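The structure appears right after this line, and notes come after that.
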Amino acid sequence: VEYSEFDPAEAAGVGPDGELLYNWGNIAMHWFTVAFLEKMAVELERAGEYHVAKKQIPSHGAKVAGIKLELFIFDSFRLADKVVLMEVKRAEQFAPVKNAPGSATDSPDTARALLLDLHRSWIEAAGGTVEGEVSPLESYAGEGLEPRPAKKARVEPSAGA
């Protein structure tokens, strides 16, 4: 189910424990074989089960109200023989870039800031302080940053910062 198909009150619903009923999202990290994607293209087109999205659509000189029929990669999951899901921490694994630089959300600037915050948390957890990014040559997920005699963690300034 696409989030836009939920009634807003239902989408914001909470359970008896106070947690959101629908608290997961799809961060679009997928692995498929080419054969599966070719099969799904045919199957999904044949099924004709589209998501209806009411959107402002660019037109000559202005945007107009319109309806788009959409398919999403997750529509193929129900047709797969095997699907594996992983739950990850949003702050560590998700920094979307969908908007232009300078935008308040989902921009290269906000993704860079989230990455810097993550790297800073790694260094602080290892007992240090830092300004900048941790090189992926130094650490992939915060490992190996423990204090070392006479050695500092390699830090590379952010491009464009």
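Within each chain, counting starts at residue 1; across the structure tokens, chains are named A, B, ... in the order shown, with ligands numbered 1 upward in that order.
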Determine, for each residue of range 63-131 of chain A having at least one atom at most 12 Å from an atom of range 1-10 of chain A, the closest pair of atoms and their separation in Å to one decimal, counting only C-alpha atoms; order by chain and ascending number, as a tab-separated table.
```
residue	atom	partner	partner_atom	distance
A:Glu70	CA	A:Glu2	CA	10.1
A:Leu71	CA	A:Glu2	CA	9.8
A:Phe72	CA	A:Glu2	CA	8.5
A:Ile73	CA	A:Glu2	CA	11.0
A:Phe74	CA	A:Val1	CA	8.9
A:Asp75	CA	A:Val1	CA	8.4
A:Ser76	CA	A:Val1	CA	11.9
A:Phe77	CA	A:Val1	CA	11.4
A:Arg78	CA	A:Val1	CA	11.3
```
Using all heavy atoms, can you export the residues from the last selection as a PDB file, in the first residue's frame?
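Printed below is out23.pdb as written:
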```pdb
ATOM      1  N   GLU A  70       0.251   5.110 -11.324  1.00  0.00           N
ATOM      2  CA  GLU A  70       1.629   4.798 -10.985  1.00  0.00           C
ATOM      3  C   GLU A  70       1.790   3.342 -10.581  1.00  0.00           C
ATOM      4  O   GLU A  70       0.887   2.724 -10.026  1.00  0.00           O
ATOM      5  CB  GLU A  70       2.095   5.680  -9.825  1.00  0.00           C
ATOM      6  CG  GLU A  70       2.042   7.165 -10.123  1.00  0.00           C
ATOM      7  CD  GLU A  70       2.443   8.022  -8.950  1.00  0.00           C
ATOM      8  OE1 GLU A  70       2.206   7.630  -7.789  1.00  0.00           O
ATOM      9  OE2 GLU A  70       2.992   9.098  -9.194  1.00  0.00           O
ATOM     10  N   LEU A  71       2.968   2.816 -10.857  1.00  0.00           N
ATOM     11  CA  LEU A  71       3.413   1.527 -10.343  1.00  0.00           C
ATOM     12  C   LEU A  71       4.678   1.785  -9.540  1.00  0.00           C
ATOM     13  O   LEU A  71       5.445   2.692  -9.851  1.00  0.00           O
ATOM     14  CB  LEU A  71       3.737   0.557 -11.481  1.00  0.00           C
ATOM     15  CG  LEU A  71       2.562   0.014 -12.279  1.00  0.00           C
ATOM     16  CD1 LEU A  71       3.069  -0.787 -13.471  1.00  0.00           C
ATOM     17  CD2 LEU A  71       1.688  -0.863 -11.396  1.00  0.00           C
ATOM     18  N   PHE A  72       4.887   0.993  -8.496  1.00  0.00           N
ATOM     19  CA  PHE A  72       6.069   1.135  -7.659  1.00  0.00           C
ATOM     20  C   PHE A  72       6.814  -0.194  -7.618  1.00  0.00           C
ATOM     21  O   PHE A  72       6.223  -1.258  -7.774  1.00  0.00           O
ATOM     22  CB  PHE A  72       5.682   1.562  -6.237  1.00  0.00           C
ATOM     23  CG  PHE A  72       4.960   2.878  -6.208  1.00  0.00           C
ATOM     24  CD1 PHE A  72       3.593   2.933  -6.021  1.00  0.00           C
ATOM     25  CD2 PHE A  72       5.660   4.068  -6.381  1.00  0.00           C
ATOM     26  CE1 PHE A  72       2.933   4.143  -6.006  1.00  0.00           C
ATOM     27  CE2 PHE A  72       5.012   5.287  -6.360  1.00  0.00           C
ATOM     28  CZ  PHE A  72       3.641   5.327  -6.182  1.00  0.00           C
ATOM     29  N   ILE A  73       8.111  -0.108  -7.394  1.00  0.00           N
ATOM     30  CA  ILE A  73       8.922  -1.321  -7.375  1.00  0.00           C
ATOM     31  C   ILE A  73       8.402  -2.304  -6.325  1.00  0.00           C
ATOM     32  O   ILE A  73       8.440  -3.510  -6.524  1.00  0.00           O
ATOM     33  CB  ILE A  73      10.426  -0.993  -7.182  1.00  0.00           C
ATOM     34  CG1 ILE A  73      11.289  -2.189  -7.546  1.00  0.00           C
ATOM     35  CG2 ILE A  73      10.715  -0.487  -5.788  1.00  0.00           C
ATOM     36  CD1 ILE A  73      11.293  -2.562  -8.991  1.00  0.00           C
ATOM     37  N   PHE A  74       7.862  -1.806  -5.217  1.00  0.00           N
ATOM     38  CA  PHE A  74       7.374  -2.720  -4.184  1.00  0.00           C
ATOM     39  C   PHE A  74       6.109  -3.464  -4.603  1.00  0.00           C
ATOM     40  O   PHE A  74       5.724  -4.429  -3.961  1.00  0.00           O
ATOM     41  CB  PHE A  74       7.173  -2.013  -2.843  1.00  0.00           C
ATOM     42  CG  PHE A  74       6.233  -0.852  -2.867  1.00  0.00           C
ATOM     43  CD1 PHE A  74       4.864  -1.036  -2.909  1.00  0.00           C
ATOM     44  CD2 PHE A  74       6.720   0.436  -2.826  1.00  0.00           C
ATOM     45  CE1 PHE A  74       3.993   0.035  -2.924  1.00  0.00           C
ATOM     46  CE2 PHE A  74       5.866   1.519  -2.831  1.00  0.00           C
ATOM     47  CZ  PHE A  74       4.493   1.317  -2.892  1.00  0.00           C
ATOM     48  N   ASP A  75       5.462  -3.042  -5.690  1.00  0.00           N
ATOM     49  CA  ASP A  75       4.305  -3.787  -6.193  1.00  0.00           C
ATOM     50  C   ASP A  75       4.716  -5.190  -6.645  1.00  0.00           C
ATOM     51  O   ASP A  75       3.896  -6.096  -6.707  1.00  0.00           O
ATOM     52  CB  ASP A  75       3.640  -3.047  -7.357  1.00  0.00           C
ATOM     53  CG  ASP A  75       2.940  -1.774  -6.916  1.00  0.00           C
ATOM     54  OD1 ASP A  75       2.383  -1.760  -5.806  1.00  0.00           O
ATOM     55  OD2 ASP A  75       2.963  -0.796  -7.687  1.00  0.00           O
ATOM     56  N   SER A  76       5.993  -5.355  -6.967  1.00  0.00           N
ATOM     57  CA  SER A  76       6.472  -6.668  -7.417  1.00  0.00           C
ATOM     58  C   SER A  76       6.693  -7.638  -6.261  1.00  0.00           C
ATOM     59  O   SER A  76       6.779  -8.845  -6.482  1.00  0.00           O
ATOM     60  CB  SER A  76       7.780  -6.504  -8.202  1.00  0.00           C
ATOM     61  OG  SER A  76       8.813  -6.057  -7.348  1.00  0.00           O
ATOM     62  N   PHE A  77       6.784  -7.140  -5.032  1.00  0.00           N
ATOM     63  CA  PHE A  77       7.111  -8.013  -3.901  1.00  0.00           C
ATOM     64  C   PHE A  77       6.125  -9.171  -3.761  1.00  0.00           C
ATOM     65  O   PHE A  77       6.510 -10.296  -3.475  1.00  0.00           O
ATOM     66  CB  PHE A  77       7.153  -7.231  -2.593  1.00  0.00           C
ATOM     67  CG  PHE A  77       8.269  -6.215  -2.499  1.00  0.00           C
ATOM     68  CD1 PHE A  77       8.358  -5.408  -1.392  1.00  0.00           C
ATOM     69  CD2 PHE A  77       9.210  -6.056  -3.503  1.00  0.00           C
ATOM     70  CE1 PHE A  77       9.368  -4.465  -1.290  1.00  0.00           C
ATOM     71  CE2 PHE A  77      10.224  -5.113  -3.406  1.00  0.00           C
ATOM     72  CZ  PHE A  77      10.299  -4.321  -2.287  1.00  0.00           C
ATOM     73  N   ARG A  78       4.844  -8.910  -3.959  1.00  0.00           N
ATOM     74  CA  ARG A  78       3.835  -9.959  -3.772  1.00  0.00           C
ATOM     75  C   ARG A  78       3.957 -11.070  -4.808  1.00  0.00           C
ATOM     76  O   ARG A  78       3.438 -12.163  -4.620  1.00  0.00           O
ATOM     77  CB  ARG A  78       2.429  -9.362  -3.787  1.00  0.00           C
ATOM     78  CG  ARG A  78       2.038  -8.739  -5.097  1.00  0.00           C
ATOM     79  CD  ARG A  78       0.653  -8.080  -5.031  1.00  0.00           C
ATOM     80  NE  ARG A  78       0.374  -7.289  -6.203  1.00  0.00           N
ATOM     81  CZ  ARG A  78      -0.035  -7.779  -7.366  1.00  0.00           C
ATOM     82  NH1 ARG A  78      -0.240  -9.070  -7.509  1.00  0.00           N
ATOM     83  NH2 ARG A  78      -0.257  -6.987  -8.390  1.00  0.00           N
TER      84      ARG A  78
END
```
request  = Going by DSSP on the backbone, which bits of range 57-125 of chain A are helix (DSSP H, G or I)? Write them as a ChimeraX atom specification, please.
outcome  = /A:73-79,90-93,108-125
Using the selection just defined, write its residues with C-alpha atoms as a PDB file, in the first residue's frame.
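See out.pdb below for the written result:
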```pdb
ATOM      1  CA  ILE A  73       8.922  -1.321  -7.375  1.00  0.00           C
ATOM      2  CA  PHE A  74       7.374  -2.720  -4.184  1.00  0.00           C
ATOM      3  CA  ASP A  75       4.305  -3.787  -6.193  1.00  0.00           C
ATOM      4  CA  SER A  76       6.472  -6.668  -7.417  1.00  0.00           C
ATOM      5  CA  PHE A  77       7.111  -8.013  -3.901  1.00  0.00           C
ATOM      6  CA  ARG A  78       3.835  -9.959  -3.772  1.00  0.00           C
ATOM      7  CA  LEU A  79       4.828 -11.779  -6.959  1.00  0.00           C
ATOM      8  CA  ARG A  90      16.694   5.769   9.809  1.00  0.00           C
ATOM      9  CA  ALA A  91      19.376   8.140  11.119  1.00  0.00           C
ATOM     10  CA  GLU A  92      22.109   5.709  10.025  1.00  0.00           C
ATOM     11  CA  GLN A  93      20.759   4.492   6.692  1.00  0.00           C
ATOM     12  CA  PRO A 108      22.357  17.356  -1.046  1.00  0.00           C
ATOM     13  CA  ASP A 109      22.831  19.823   1.821  1.00  0.00           C
ATOM     14  CA  THR A 110      20.555  17.975   4.259  1.00  0.00           C
ATOM     15  CA  ALA A 111      22.015  14.583   3.255  1.00  0.00           C
ATOM     16  CA  ARG A 112      25.535  15.918   3.878  1.00  0.00           C
ATOM     17  CA  ALA A 113      24.461  17.269   7.284  1.00  0.00           C
ATOM     18  CA  LEU A 114      22.963  13.901   8.245  1.00  0.00           C
ATOM     19  CA  LEU A 115      26.169  12.123   7.185  1.00  0.00           C
ATOM     20  CA  LEU A 116      28.288  14.551   9.204  1.00  0.00           C
ATOM     21  CA  ASP A 117      26.054  14.001  12.246  1.00  0.00           C
ATOM     22  CA  LEU A 118      26.465  10.233  11.877  1.00  0.00           C
ATOM     23  CA  HIS A 119      30.237  10.469  11.570  1.00  0.00           C
ATOM     24  CA  ARG A 120      30.407  12.840  14.528  1.00  0.00           C
ATOM     25  CA  SER A 121      28.428  10.337  16.641  1.00  0.00           C
ATOM     26  CA  TRP A 122      30.927   7.597  15.745  1.00  0.00           C
ATOM     27  CA  ILE A 123      33.934   9.695  16.751  1.00  0.00           C
ATOM     28  CA  GLU A 124      32.280  10.844  19.985  1.00  0.00           C
ATOM     29  CA  ALA A 125      31.340   7.252  20.850  1.00  0.00           C
TER      30      ALA A 125
END
```
For Ile27 in chain A, which residue out of A:Val134, A:Ala126, A:Ala100, A:Met86 is the nearest one, using only C-alpha atoms?
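Of all the options, A:Met86 lies closest to Ile27 in chain A.
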| message | If DSSP is run on the backbone, what residues of chain A are strand (DSSP E)? A reply as a ChimeraX atom specification would be ideal. | response | /A:51-58,63-70,133-134,155-156
query = At what distance in Å, to one decimal, does CA of Met29 in chain A lie from CA of Glu133 in chain A?
reply =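 Separation of CA of Glu133 in chain A and CA of Met29 in chain A: 23.0 Å.
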Counting only C-alpha atoms, closest pick from A:Arg46, A:Gly13, A:Ala95, A:Pro136 relative to Ser107 in chain A is A:Ala95
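Picture a line from CA of Tyr22 in chain A to CA of Gly48 in chain A; it runs 26.0 Å.
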